[in-house]
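File shown: my_file12.cif. Contents: mmCIF, C-alpha atoms.
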data_data
#
loop_
_atom_site.label_atom_id
_atom_site.label_comp_id
_atom_site.auth_asym_id
_atom_site.auth_seq_id
_atom_site.Cartn_x
_atom_site.Cartn_y
_atom_site.Cartn_z
CA MET G 297 6.89 5.89 27.09
CA LYS G 298 4.47 3.00 26.50
CA LEU G 299 2.76 3.10 23.14
CA LEU G 300 -0.17 1.05 21.99
CA TYR G 301 0.66 -1.02 18.94
CA PHE G 302 -1.54 -2.72 16.32
CA PRO G 303 0.40 -5.65 14.78
CA GLY G 304 -1.83 -7.19 12.09
CA CYS G 305 -1.63 -10.72 10.66
CA THR G 306 1.62 -10.53 8.72
CA LEU G 307 3.70 -9.17 11.59
CA LYS G 308 2.79 -12.31 13.54
CA THR G 309 3.62 -14.72 10.72
CA SER G 310 5.85 -13.91 7.75
CA ALA G 311 7.26 -10.60 8.99
CA LYS G 312 8.20 -11.48 12.55
CA ASN G 313 11.61 -9.95 11.94
CA LEU G 314 10.04 -6.54 11.30
CA GLU G 315 8.25 -6.68 14.65
CA LYS G 316 11.26 -7.97 16.57
CA SER G 317 13.63 -5.35 15.19
CA ALA G 318 11.12 -2.57 15.91
CA ASN G 319 10.73 -3.79 19.49
CA ALA G 320 14.50 -3.87 19.90
CA ILE G 321 14.80 -0.27 18.68
CA MET G 322 12.09 0.85 21.09
CA GLU G 323 13.87 -0.86 23.96
CA LYS G 324 17.08 0.95 23.02
CA LEU G 325 15.15 4.23 23.02
CA SER G 326 13.68 3.38 26.46
CA HIS G 327 10.17 3.17 25.03
CA GLU G 328 7.88 0.20 24.66
CA LEU G 329 5.48 -1.00 21.98
CA LYS G 330 2.62 -2.54 23.90
CA GLU G 331 0.53 -4.85 21.75
CA MET G 332 -3.11 -3.79 22.01
CA ASP G 333 -5.74 -6.23 23.28
CA ASP G 334 -8.41 -7.59 20.96
CA TRP G 335 -7.03 -6.42 17.65
CA VAL G 336 -8.74 -7.86 14.59
CA CYS G 337 -7.74 -8.09 10.92
CA CYS G 338 -7.80 -4.63 9.35
CA GLY G 339 -9.06 -5.91 6.01
CA VAL G 340 -5.78 -4.92 4.31
CA VAL G 341 -7.30 -2.99 1.40
CA SER G 342 -9.54 -0.09 2.27
CA SER G 343 -13.02 -0.06 0.82
CA LEU G 344 -13.28 1.83 -2.45
CA SER G 345 -16.99 1.55 -3.03
CA ASP G 346 -19.01 4.49 -1.75
CA ASP G 347 -22.25 2.63 -1.27
CA ASP G 348 -20.91 -0.14 0.96
CA LEU G 349 -19.80 0.41 4.54
CA MET G 350 -19.31 -3.26 5.38
CA ARG G 351 -15.56 -3.21 4.82
CA HIS G 352 -15.06 -0.42 7.32
CA LEU G 353 -16.33 -2.58 10.15
CA ALA G 354 -13.13 -4.50 10.83
CA PRO G 355 -10.78 -1.49 11.04
CA LEU G 356 -13.36 0.43 13.07
CA ARG G 357 -13.63 -2.45 15.53
CA SER G 358 -9.90 -2.19 16.24
CA LEU G 359 -10.15 1.60 16.61
CA ILE G 360 -12.94 1.10 19.17
CA HIS G 361 -10.72 -1.32 21.08
CA VAL G 362 -8.00 1.35 21.18
CA GLU G 363 -10.50 3.77 22.73
CA ASP G 364 -11.61 1.08 25.18
CA GLN G 365 -8.04 0.78 26.37
CA GLY G 366 -8.02 4.46 27.20
CA GLU G 367 -5.59 5.50 24.47
CA ASP G 368 -5.86 8.10 21.70
CA LYS G 369 -2.88 6.91 19.73
CA VAL G 370 -2.04 3.63 18.01
CA ILE G 371 1.12 2.68 16.14
CA THR G 372 1.32 0.28 13.21
CA LEU G 373 4.31 -1.32 11.56
CA CYS G 374 2.58 -2.72 8.49
CA ASP G 375 1.98 -0.15 5.73
CA MET G 376 -1.26 -1.76 4.64
CA CYS G 377 -2.74 -1.86 8.16
CA CYS G 378 -1.71 1.74 8.65
CA ASN G 379 -3.37 2.81 5.42
CA THR G 380 -6.61 0.93 6.06
CA LEU G 381 -6.97 2.09 9.66
CA LYS G 382 -6.19 5.69 8.68
CA GLN G 383 -8.66 5.67 5.79
CA THR G 384 -11.51 4.30 7.88
CA ASN G 385 -10.68 6.73 10.69
CA LEU G 386 -10.74 9.62 8.22
CA ARG G 387 -14.00 8.50 6.66
CA VAL G 388 -15.91 8.25 9.95
CA LYS G 389 -14.52 11.57 11.13
CA GLU G 390 -15.56 13.31 7.90
CA LYS G 391 -18.93 11.59 7.56
CA PRO G 392 -20.75 11.41 10.91
CA ASP G 393 -23.73 9.68 9.23
CA ASP G 394 -21.52 6.77 8.22
CA LEU G 395 -20.19 6.53 11.75
CA GLU G 396 -23.71 6.40 13.10
CA THR G 397 -24.59 3.53 10.75
CA LEU G 398 -21.42 1.65 11.64
CA ASN G 399 -21.91 2.19 15.36
CA ALA G 400 -25.48 0.93 15.07
CA PHE G 401 -24.22 -2.23 13.43
CA MET G 402 -21.75 -3.06 16.22
CA ASP G 403 -23.08 -5.64 18.57
CA LYS G 404 -20.98 -5.83 21.72
CA GLU G 405 -18.64 -2.91 21.11
CA ASN G 406 -19.01 0.60 22.49
CA ASP G 407 -19.66 3.47 20.09
CA TYR G 408 -16.61 4.93 18.41
CA LYS G 409 -16.09 8.52 19.49
CA GLY G 410 -13.42 9.39 16.92
CA THR G 411 -10.63 10.24 19.35
CA VAL G 412 -7.97 7.90 18.00
CA ASN G 413 -5.05 8.91 15.78
CA VAL G 414 -3.21 6.24 13.81
CA TYR G 415 0.56 6.54 13.31
CA HIS G 416 3.05 4.65 11.21
CA PHE G 417 6.11 3.61 13.23
CA LEU G 418 8.31 5.58 10.84
CA GLU G 419 6.20 8.68 11.51
CA PHE G 420 6.72 8.15 15.22
CA LEU G 421 10.49 7.88 14.79
CA ARG G 422 10.59 11.04 12.69
CA ASP G 423 8.20 13.24 14.65
CA GLU G 424 8.44 12.08 18.24
CA VAL G 425 11.93 10.61 18.55
CA GLY G 426 13.64 12.60 15.81
CA PHE G 427 16.24 11.29 13.38
CA SER G 428 18.82 13.58 14.96
CA LYS G 429 18.48 11.63 18.20
CA LEU G 430 18.95 8.37 16.32
CA LYS G 431 22.05 9.89 14.73
CA GLN G 432 23.57 10.54 18.13
CA MET G 433 22.94 6.94 19.14
CA VAL G 434 24.53 5.30 16.07
CA LYS G 435 27.29 2.87 17.01
CA ASN G 436 27.83 1.12 13.68
CA PRO G 437 27.44 3.77 10.98
CA LEU G 438 26.41 2.32 7.61
CA LYS G 439 29.39 4.04 6.04
CA GLY G 440 30.08 3.40 2.37
CA ILE G 441 26.87 1.46 1.78
CA ARG G 442 24.87 2.75 -1.16
CA ILE G 443 21.17 2.32 -0.39
CA MET G 444 18.12 2.98 -2.57
CA PRO G 445 14.96 4.07 -0.74
CA TYR G 446 11.72 2.39 -1.84
CA TYR G 447 8.37 3.56 -0.52
CA GLY G 448 5.70 1.69 -2.47
CA CYS G 449 2.09 2.85 -2.37
CA MET G 450 0.43 2.48 0.98
CA MET G 451 2.67 4.86 2.89
CA LEU G 452 2.10 7.69 0.39
CA ARG G 453 -1.29 7.36 -1.21
CA PRO G 454 -4.01 8.52 -1.02
CA ARG G 455 -2.61 11.93 -0.13
CA GLU G 456 -5.00 12.37 2.82
CA VAL G 457 -3.36 9.53 4.76
CA ALA G 458 0.21 9.92 3.48
CA ILE G 459 3.10 10.19 5.89
CA ASP G 460 5.21 12.16 3.40
CA ASP G 461 5.01 13.91 0.01
CA ALA G 462 3.12 11.62 -2.37
CA GLU G 463 5.39 12.25 -5.36
CA ASP G 464 8.79 12.93 -3.85
CA PRO G 465 9.03 11.52 -0.34
CA GLN G 466 12.20 12.22 1.64
CA ILE G 467 11.69 10.37 4.91
CA PHE G 468 14.03 7.46 4.07
CA ASN G 469 16.65 9.92 2.75
CA ASP G 470 16.63 11.72 6.10
CA LEU G 471 16.78 8.43 7.99
CA LEU G 472 19.66 7.09 5.88
CA ASP G 473 21.49 10.38 6.34
CA ALA G 474 21.23 9.92 10.08
CA LEU G 475 22.50 6.34 9.87
CA GLY G 476 25.47 7.39 7.77
CA ALA G 477 24.59 5.59 4.56
CA GLU G 478 24.91 6.86 0.98
CA ILE G 479 21.63 7.47 -0.83
CA VAL G 480 20.83 6.35 -4.36
CA ASP G 481 17.66 8.28 -5.17
CA ASN G 482 15.48 6.94 -7.93
CA PRO G 483 12.30 7.69 -9.88
CA PHE G 484 10.67 4.32 -9.18
CA LYS G 485 10.58 4.66 -5.41
CA ILE G 486 6.85 5.37 -5.35
CA GLU G 487 5.76 2.72 -7.89
CA CYS G 488 3.69 -0.34 -7.01
CA CYS G 489 5.66 -3.54 -6.29
CA GLY G 490 2.98 -5.79 -7.79
CA SER G 491 1.08 -6.26 -4.55
CA TYR G 492 -1.24 -9.29 -4.28
CA HIS G 493 -0.58 -10.36 -7.87
CA THR G 494 2.31 -12.23 -6.30
CA ILE G 495 -0.12 -15.12 -5.69
CA GLU G 496 -1.68 -15.65 -9.09
CA ASN G 497 0.45 -13.59 -11.43
CA LYS G 498 4.03 -14.18 -10.33
CA ASP G 499 5.61 -13.17 -13.64
CA ILE G 500 4.03 -9.71 -13.57
CA VAL G 501 5.42 -9.16 -10.08
CA SER G 502 8.85 -10.41 -11.10
CA LYS G 503 8.77 -7.92 -13.97
CA ARG G 504 7.80 -5.14 -11.55
CA ALA G 505 10.50 -6.15 -9.10
CA HIS G 506 13.07 -6.13 -11.90
CA HIS G 507 11.82 -2.79 -13.18
CA ILE G 508 12.27 -1.24 -9.75
CA THR G 509 15.46 -2.86 -8.52
CA ASN G 510 17.29 -2.93 -11.86
CA TYR G 511 17.60 0.85 -11.61
CA ALA G 512 19.36 0.39 -8.28
CA PHE G 513 21.47 -2.46 -9.67
CA GLU G 514 22.61 -0.39 -12.68
CA ARG G 515 23.62 2.49 -10.44
CA ASN G 516 25.70 0.26 -8.20
CA ALA G 517 23.39 0.47 -5.23
CA ASP G 518 24.23 -2.15 -2.62
CA ALA G 519 20.82 -2.52 -1.07
CA ILE G 520 17.22 -1.31 -0.90
CA ILE G 521 15.47 0.02 2.20
CA LEU G 522 11.69 -0.32 2.58
CA SER G 523 8.92 -0.69 5.08
CA CYS G 524 6.03 -2.85 3.81
CA PRO G 525 6.17 -6.65 4.35
CA LEU G 526 4.53 -7.32 0.98
CA CYS G 527 6.96 -5.03 -0.86
CA ARG G 528 9.80 -6.87 0.88
CA PHE G 529 8.50 -10.25 -0.28
CA ASN G 530 7.90 -9.08 -3.84
CA LEU G 531 11.18 -7.27 -4.38
CA ASP G 532 13.22 -9.89 -2.53
CA VAL G 533 11.69 -13.25 -3.51
CA ARG G 534 10.11 -12.35 -6.87
CA GLY G 535 13.12 -10.17 -7.64
CA LYS G 536 15.37 -13.17 -7.09
CA GLU G 537 13.16 -15.18 -9.45
CA ALA G 538 13.50 -12.40 -12.02
CA GLU G 539 17.20 -13.27 -12.31
CA LEU G 540 16.10 -16.19 -14.50
CA MET G 541 14.00 -13.89 -16.72
CA PHE G 542 16.54 -11.12 -17.28
CA LYS G 543 20.08 -11.96 -18.30
CA GLY G 544 22.85 -10.23 -16.38
CA TYR G 545 20.52 -8.96 -13.69
CA LYS G 546 21.28 -9.67 -10.06
CA GLN G 547 18.98 -9.03 -7.13
CA ILE G 548 20.45 -6.93 -4.32
CA PRO G 549 19.59 -7.39 -0.62
CA ILE G 550 16.44 -5.79 0.77
CA TYR G 551 16.25 -4.42 4.32
CA TYR G 552 13.39 -3.22 6.47
CA TYR G 553 14.24 0.23 7.87
CA THR G 554 13.92 -1.24 11.36
CA GLN G 555 16.64 -3.78 10.61
CA LEU G 556 19.05 -1.10 9.39
CA ILE G 557 18.33 1.11 12.40
CA ALA G 558 18.83 -1.87 14.73
CA ILE G 559 22.18 -2.71 13.10
CA ALA G 560 23.31 0.91 13.22
CA LEU G 561 22.37 1.20 16.90
CA GLY G 562 24.52 -1.81 17.67
CA ILE G 563 21.68 -4.24 18.41
CA ASP G 564 22.44 -7.95 17.98
CA PRO G 565 21.92 -8.83 14.26
CA GLU G 566 20.24 -12.08 15.37
CA ILE G 567 17.14 -10.02 16.16
CA CYS G 568 16.85 -8.89 12.54
CA GLY G 569 15.92 -12.38 11.36
CA PHE G 570 17.90 -12.15 8.13
CA ASP G 571 17.38 -15.88 7.48
CA ASP G 572 13.90 -15.14 6.15
CA HIS G 573 15.27 -13.12 3.22
CA ALA G 574 15.87 -14.60 -0.23
CA VAL G 575 19.02 -12.53 -0.85
CA ASP G 576 21.23 -12.78 2.24
CA PRO G 577 21.45 -9.32 3.83
CA ASN G 578 24.27 -10.43 6.15
CA LEU G 579 26.94 -10.72 3.47
CA LEU G 580 26.83 -7.05 2.50
CA LEU G 581 27.01 -5.80 6.09
CA LYS G 582 29.97 -8.05 6.80
CA LYS G 583 31.69 -7.09 3.55
CA LYS G 584 31.34 -3.39 4.36
CA GLY G 585 32.64 -4.01 7.87
CA VAL G 586 29.51 -2.78 9.67
CA TYR G 587 29.79 -5.75 12.00
CA LYS G 588 31.65 -9.04 12.24
CA ILE G 589 30.27 -12.44 13.11
CA MET E 143 -23.79 39.44 -29.72
CA HIS E 144 -26.43 37.07 -28.43
CA LYS E 145 -27.88 34.93 -31.15
CA LYS E 146 -31.36 33.64 -30.87
CA ILE E 147 -31.65 29.96 -31.76
CA PRO E 148 -35.04 28.96 -33.01
CA LYS E 149 -36.70 26.24 -30.92
CA ASN E 150 -38.21 23.16 -32.44
CA LYS E 151 -40.96 21.56 -30.36
CA GLU E 152 -40.18 18.04 -31.53
CA ILE E 153 -36.50 18.37 -30.78
CA SER E 154 -37.02 19.67 -27.25
CA LYS E 155 -39.02 16.54 -26.46
CA ILE E 156 -36.00 14.31 -26.88
CA ILE E 157 -34.63 13.11 -23.54
CA PHE E 158 -31.03 12.05 -23.41
CA LYS E 159 -30.27 9.31 -20.92
CA LYS E 160 -26.96 8.38 -19.42
CA GLY E 161 -26.15 4.75 -20.04
CA GLU E 162 -26.97 2.13 -17.44
CA LEU E 163 -23.33 1.19 -17.03
CA VAL E 164 -22.17 4.70 -16.30
CA LYS E 165 -25.00 5.12 -13.80
CA GLU E 166 -24.05 2.00 -11.89
CA VAL E 167 -20.35 2.90 -11.90
CA GLU E 168 -21.13 6.41 -10.66
CA GLU E 169 -23.37 5.04 -7.94
CA ILE E 170 -20.78 2.62 -6.60
CA SER E 171 -17.74 4.87 -6.98
CA GLY E 172 -19.26 8.27 -6.30
CA GLU E 173 -17.10 9.71 -9.11
CA ASN E 174 -18.19 11.87 -12.03
CA LEU E 175 -16.89 10.09 -15.11
CA PHE E 176 -17.95 12.89 -17.44
CA GLY E 177 -15.28 15.07 -15.89
CA CYS E 178 -12.67 13.02 -17.76
CA TYR E 179 -11.16 14.83 -20.75
CA GLN E 180 -9.10 11.88 -21.91
CA CYS E 181 -5.67 13.35 -21.27
CA GLY E 182 -4.18 9.93 -20.51
CA THR E 183 -2.25 10.93 -17.38
CA CYS E 184 -3.70 7.91 -15.57
CA SER E 185 -2.46 5.56 -18.27
CA SER E 186 1.01 7.05 -18.49
CA GLY E 187 1.65 6.50 -14.80
CA CYS E 188 0.02 3.08 -14.47
CA PRO E 189 2.53 0.37 -13.46
CA TYR E 190 0.57 -2.40 -15.25
CA ILE E 191 0.00 -0.60 -18.54
CA ASP E 192 2.17 -3.06 -20.53
CA ASP E 193 -0.07 -5.98 -19.63
CA MET E 194 -3.42 -4.22 -20.01
CA ASP E 195 -5.74 -4.75 -22.97
CA LEU E 196 -7.51 -1.43 -22.38
CA THR E 197 -5.72 1.55 -20.86
CA PRO E 198 -7.43 3.24 -17.86
CA ASP E 199 -8.53 6.25 -19.93
CA GLU E 200 -9.98 3.89 -22.54
CA VAL E 201 -11.88 2.11 -19.78
CA ILE E 202 -13.50 5.40 -18.78
CA ARG E 203 -14.40 6.15 -22.41
CA TYR E 204 -15.92 2.67 -22.81
CA ILE E 205 -18.08 3.20 -19.72
CA ILE E 206 -19.28 6.58 -20.93
CA LEU E 207 -20.16 5.08 -24.30
CA ASP E 208 -22.04 2.32 -22.47
CA ARG E 209 -19.94 -0.40 -24.09
CA LYS E 210 -20.42 -3.28 -21.70
CA GLU E 211 -17.60 -5.34 -23.18
CA VAL E 212 -15.36 -3.28 -20.91
CA LEU E 213 -16.40 -5.70 -18.15
CA ASN E 214 -14.44 -8.45 -19.91
CA SER E 215 -11.26 -6.43 -19.89
CA LYS E 216 -8.14 -7.74 -18.13
CA THR E 217 -7.47 -4.20 -16.95
CA LEU E 218 -9.96 -4.36 -14.06
CA TRP E 219 -8.20 -7.32 -12.52
CA LEU E 220 -4.70 -5.98 -13.11
CA CYS E 221 -5.35 -2.77 -11.17
CA SER E 222 -4.02 -3.35 -7.66
CA ALA E 223 -5.32 -0.02 -6.30
CA CYS E 224 -1.96 1.73 -5.98
CA PHE E 225 -3.72 5.14 -6.31
CA THR E 226 -1.09 6.57 -8.69
CA CYS E 227 -3.73 7.54 -11.28
CA ALA E 228 -6.08 8.96 -8.64
CA GLU E 229 -3.22 11.01 -7.20
CA ARG E 230 -2.23 12.48 -10.58
CA CYS E 231 -5.57 13.03 -12.31
CA PRO E 232 -5.80 16.74 -13.26
CA ARG E 233 -9.60 16.48 -13.11
CA ASP E 234 -9.43 14.96 -9.64
CA ILE E 235 -11.23 11.80 -10.69
CA ASN E 236 -10.47 8.78 -8.56
CA ILE E 237 -9.85 6.19 -11.29
CA THR E 238 -8.92 3.62 -8.65
CA LYS E 239 -12.49 3.81 -7.38
CA ILE E 240 -13.85 3.44 -10.90
CA MET E 241 -11.87 0.23 -11.39
CA GLU E 242 -13.19 -1.03 -8.07
CA ALA E 243 -16.76 -0.19 -9.16
CA LEU E 244 -16.33 -2.29 -12.32
CA ARG E 245 -14.98 -5.19 -10.28
CA GLN E 246 -17.88 -4.81 -7.85
CA ILE E 247 -20.44 -4.90 -10.68
CA ILE E 248 -19.12 -8.35 -11.56
CA LEU E 249 -18.46 -9.62 -8.02
CA ARG E 250 -21.86 -8.57 -6.71
CA ARG E 251 -23.31 -11.01 -9.23
CA LYS E 252 -21.36 -13.69 -7.36
CA ILE E 253 -18.72 -14.30 -9.99
CA ASP E 254 -15.46 -15.38 -8.33
CA TYR E 255 -12.28 -14.22 -10.02
CA SER E 256 -9.64 -15.86 -7.83
CA ASN E 257 -7.81 -19.07 -8.50
CA THR E 258 -5.64 -19.68 -5.48
CA ARG E 259 -5.88 -23.47 -5.72
CA LYS E 260 -3.04 -23.37 -8.22
CA THR E 261 -0.74 -21.93 -5.53
CA THR E 262 1.55 -24.61 -4.09
CA LYS E 263 1.68 -25.33 -0.37
CA LYS E 264 5.27 -24.11 -0.19
CA GLU E 265 4.30 -20.80 -1.78
CA ARG E 266 1.31 -20.43 0.52
CA GLU E 267 3.56 -20.70 3.55
CA LYS E 268 5.99 -18.08 2.25
CA ILE E 269 3.68 -15.41 0.83
CA PRO E 270 2.67 -12.70 3.37
CA GLN E 271 -0.90 -12.99 4.61
CA ILE E 272 -1.72 -9.45 3.54
CA ALA E 273 -1.38 -10.62 -0.08
CA PHE E 274 -4.06 -13.29 0.40
CA VAL E 275 -6.48 -10.99 2.19
CA SER E 276 -6.04 -8.33 -0.52
CA LEU E 277 -6.58 -10.87 -3.28
CA PHE E 278 -9.75 -12.21 -1.68
CA ARG E 279 -11.08 -8.72 -1.14
CA LYS E 280 -10.36 -7.66 -4.71
CA ASN E 281 -11.25 -10.82 -6.62
CA ILE E 282 -13.99 -12.43 -4.55
CA GLY E 283 -15.71 -9.41 -3.04
#
Exercise: express the given structure as structure tokens:
Amino acid sequence: MKLLYFPGCTLKTSAKNLEKSANAIMEKLSHELKEMDDWVCCGVVSSLSDDDLMRHLAPLRSLIHVEDQGEDKVITLCDMCCNTLKQTNLRVKEKPDDLETLNAFMDKENDYKGTVNVYHFLEFLRDEVGFSKLKQMVKNPLKGIRIMPYYGCMMLRPREVAIDDAEDPQIFNDLLDALGAEIVDNPFKIECCGSYHTIENKDIVSKRAHHITNYAFERNADAIILSCPLCRFNLDVRGKEAELMFKGYKQIPIYYYTQLIAIALGIDPEICGFDDHAVDPNLLLKKKGVYKI
Amino acid sequence: MHKKIPKNKEISKIIFKKGELVKEVEEISGENLFGCYQCGTCSSGCPYIDDMDLTPDEVIRYIILDRKEVLNSKTLWLCSACFTCAERCPRDINITKIMEALRQIILRRKIDYSNTRKTTKKEREKIPQIAFVSLFRKNIG
């Protein structure tokens, strides 16, 4: 099956490993993520002011391009893109007047008809592929590795665009179950990682990263699984920096879910691009005997 | 039993106005701030509460009381729109949108709140692009 895919800026720059590992999984599943033509920046944060439609233009433009390519489905890997596209899609579907205004503003584009549905890649794996199928395909089970799921905000809130329960999501638990890992559940899995404060307010983000991962560290978790490229950066890089702020605290490796699936399915670890991580994710996998290099 | 309250002509002439601030916030956010009964659920779940000078429920109270000094609060710029408060509010008030409205009141007067020049080149290359776009959207407009 060929699926249209919206990458977004970060997947093409600082999170290439997320894209590569997702592509490798799709190949293994005999599907393909086909990058859509003419995608534009989604705007990252959805507009929160009611009286201003300007910020819905960029995501809507991409949705129009999906329609132009004759598809009614688009997949995203980045949590923030997914959230923004879904929120704009929902808004124009619920408020036809807004859609009319936005359509009138578009210059070269066709009118948006509202036929597109936006999916997170994780949603696709759960609903269309099924974790049970992944389970059957596992070659290197993640046996004996204690992993803490971390969801962050954009996958779960607002409720209208969530891919799982907003307060107690289970999707990573089910995935980790299928991959054979041990789960360390935690109350901080839905808390904000510090988001864009990582640019101007590093210490606050380091504190957040410590707050979240210290729970995992104290409960002897070996690693954290997550999905969002910004959460990865904040927990991994700012978490590593937090080691200097908090005595006795040690940052544990952070994995994208796609990397762990790829490893479990026996895909070459080279594809996972572990070099980009601040805490080396390779060491743990080798130590636990998941694979040897 | 129904009690009859005597009417005073002079008193019935008095018109109570909502403050300007609350009007503008309500217009931008589309939320009804007077629905807030100050339970503090938003503040108890907020991930930045330790660094805030005013808690989110205090911010709402300040707006209702038309105290414009709320616009100087650090709280507005600390909120990263994680939607935890909006998700949990028992009165179904979207506090995230209220924070955005306060930021917009300032930003629409062309006041820039970002300071990315301090960020080193090395950091700029490492930090994911989504962080920059979010920051610009939230702190410049």
* To do: Would you kindly return, as a PyMOL selection string, each protein, DNA or RNA residue with an atom no farther than 9 Å from any atom of Leu220 of chain E, considering only C-alpha atoms and excluding same-chain residues fewer than 6 positions away?
  => (chain G and resi 493) or (chain E and resi 190-191+193-194)
* To do: Point out the residue among E:Gly172, E:Pro270, E:Pro189, E:Gly161 with the least atom-to-atom distance to Leu344 of chain G, counting only C-alpha atoms.
  => E:Gly172
* Asked: Pick the closest to Leu356 of chain G from G:Lys330, G:Arg453, G:Lys409, G:Lys324: which is it, counting all atoms listed in the file?
  -> G:Lys409
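Computed from the coordinates, the atom CA of Met433 of chain G to atom CA of Tyr553 of chain G distance equals 15.7 Å.
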* What gap, in Å, lies between atom CA of Asp460 of chain G and atom CA of Glu419 of chain G? ->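 Result for atom CA of Asp460 of chain G versus atom CA of Glu419 of chain G: 8.9 Å, one decimal.
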Restrict the calculation to all atoms listed in the file, then for each residue of chain E with any atom at most 9 Å from an atom of chain G give the closest atom pair and their distance in Å to one decimal, rows by chain and rising residue number, as JSON lines.
{"residue": "E:Glu169", "atom": "CA", "partner": "G:Asp347", "partner_atom": "CA", "distance": 7.2}
{"residue": "E:Ile170", "atom": "CA", "partner": "G:Ser345", "partner_atom": "CA", "distance": 5.3}
{"residue": "E:Ser171", "atom": "CA", "partner": "G:Ser345", "partner_atom": "CA", "distance": 5.2}
{"residue": "E:Gly172", "atom": "CA", "partner": "G:Asp346", "partner_atom": "CA", "distance": 5.9}
{"residue": "E:Gly187", "atom": "CA", "partner": "G:Glu487", "partner_atom": "CA", "distance": 8.9}
{"residue": "E:Cys188", "atom": "CA", "partner": "G:Glu487", "partner_atom": "CA", "distance": 8.7}
{"residue": "E:Pro189", "atom": "CA", "partner": "G:Cys488", "partner_atom": "CA", "distance": 6.6}
{"residue": "E:Tyr190", "atom": "CA", "partner": "G:Ile500", "partner_atom": "CA", "distance": 8.3}
{"residue": "E:Asp193", "atom": "CA", "partner": "G:Ile500", "partner_atom": "CA", "distance": 8.2}
{"residue": "E:Leu220", "atom": "CA", "partner": "G:His493", "partner_atom": "CA", "distance": 8.0}
{"residue": "E:Ser222", "atom": "CA", "partner": "G:Ser491", "partner_atom": "CA", "distance": 6.6}
{"residue": "E:Ala223", "atom": "CA", "partner": "G:Val341", "partner_atom": "CA", "distance": 8.5}
{"residue": "E:Cys224", "atom": "CA", "partner": "G:Cys449", "partner_atom": "CA", "distance": 5.5}
{"residue": "E:Phe225", "atom": "CA", "partner": "G:Arg453", "partner_atom": "CA", "distance": 6.1}
{"residue": "E:Thr226", "atom": "CA", "partner": "G:Arg453", "partner_atom": "CA", "distance": 7.5}
{"residue": "E:Ala228", "atom": "CA", "partner": "G:Pro454", "partner_atom": "CA", "distance": 7.9}
{"residue": "E:Glu229", "atom": "CA", "partner": "G:Pro454", "partner_atom": "CA", "distance": 6.7}
{"residue": "E:Thr238", "atom": "CA", "partner": "G:Leu344", "partner_atom": "CA", "distance": 7.8}
{"residue": "E:Lys239", "atom": "CA", "partner": "G:Leu344", "partner_atom": "CA", "distance": 5.4}
{"residue": "E:Ile240", "atom": "CA", "partner": "G:Leu344", "partner_atom": "CA", "distance": 8.6}
{"residue": "E:Glu242", "atom": "CA", "partner": "G:Leu344", "partner_atom": "CA", "distance": 6.3}
{"residue": "E:Ala243", "atom": "CA", "partner": "G:Ser345", "partner_atom": "CA", "distance": 6.4}
{"residue": "E:Gln246", "atom": "CA", "partner": "G:Ser345", "partner_atom": "CA", "distance": 8.0}
{"residue": "E:Ser256", "atom": "CA", "partner": "G:Glu496", "partner_atom": "CA", "distance": 8.1}
{"residue": "E:Asn257", "atom": "CA", "partner": "G:Glu496", "partner_atom": "CA", "distance": 7.0}
{"residue": "E:Thr258", "atom": "CA", "partner": "G:Glu496", "partner_atom": "CA", "distance": 6.7}
{"residue": "E:Lys260", "atom": "CA", "partner": "G:Glu496", "partner_atom": "CA", "distance": 7.9}
{"residue": "E:Thr261", "atom": "CA", "partner": "G:Ile495", "partner_atom": "CA", "distance": 6.8}
{"residue": "E:Glu265", "atom": "CA", "partner": "G:Ile495", "partner_atom": "CA", "distance": 8.2}
{"residue": "E:Arg266", "atom": "CA", "partner": "G:Ile495", "partner_atom": "CA", "distance": 8.3}
{"residue": "E:Glu267", "atom": "CA", "partner": "G:Ser310", "partner_atom": "CA", "distance": 8.3}
{"residue": "E:Lys268", "atom": "CA", "partner": "G:Ser310", "partner_atom": "CA", "distance": 6.9}
{"residue": "E:Ile269", "atom": "CA", "partner": "G:Phe529", "partner_atom": "CA", "distance": 7.1}
{"residue": "E:Pro270", "atom": "CA", "partner": "G:Ser310", "partner_atom": "CA", "distance": 5.5}
{"residue": "E:Gln271", "atom": "CA", "partner": "G:Thr306", "partner_atom": "CA", "distance": 5.4}
{"residue": "E:Ile272", "atom": "CA", "partner": "G:Val340", "partner_atom": "CA", "distance": 6.1}
{"residue": "E:Ala273", "atom": "CA", "partner": "G:Tyr492", "partner_atom": "CA", "distance": 4.4}
{"residue": "E:Phe274", "atom": "CA", "partner": "G:Tyr492", "partner_atom": "CA", "distance": 6.8}
{"residue": "E:Val275", "atom": "CA", "partner": "G:Val340", "partner_atom": "CA", "distance": 6.5}
{"residue": "E:Ser276", "atom": "CA", "partner": "G:Val341", "partner_atom": "CA", "distance": 5.8}
{"residue": "E:Leu277", "atom": "CA", "partner": "G:Tyr492", "partner_atom": "CA", "distance": 5.7}
{"residue": "E:Arg279", "atom": "CA", "partner": "G:Val341", "partner_atom": "CA", "distance": 7.3}
{"residue": "E:Lys280", "atom": "CA", "partner": "G:Val341", "partner_atom": "CA", "distance": 8.3}
* Expansion of the PyMOL selection byres ((chain E and resi 175-177) around 8) into residues, as a PyMOL selection string -> chain E and resi 164+168+173-174+178-179+202+206+233+235
* To do: Go ahead and compute the interatomic distance for atom CA of Asn385 of chain G and atom CA of Val457 of chain G, in Å to one decimal.
  =>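 Atom CA of Asn385 of chain G sits 9.8 Å away from atom CA of Val457 of chain G.
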* If you count only C-alpha atoms, which residues fall within 7 Å of Cys184 of chain E, apart from same-chain ones fewer than 5 positions away, as a list of chain:residue names? -> E:Pro198, E:Asp199, E:Cys227, E:Arg230, E:Cys231
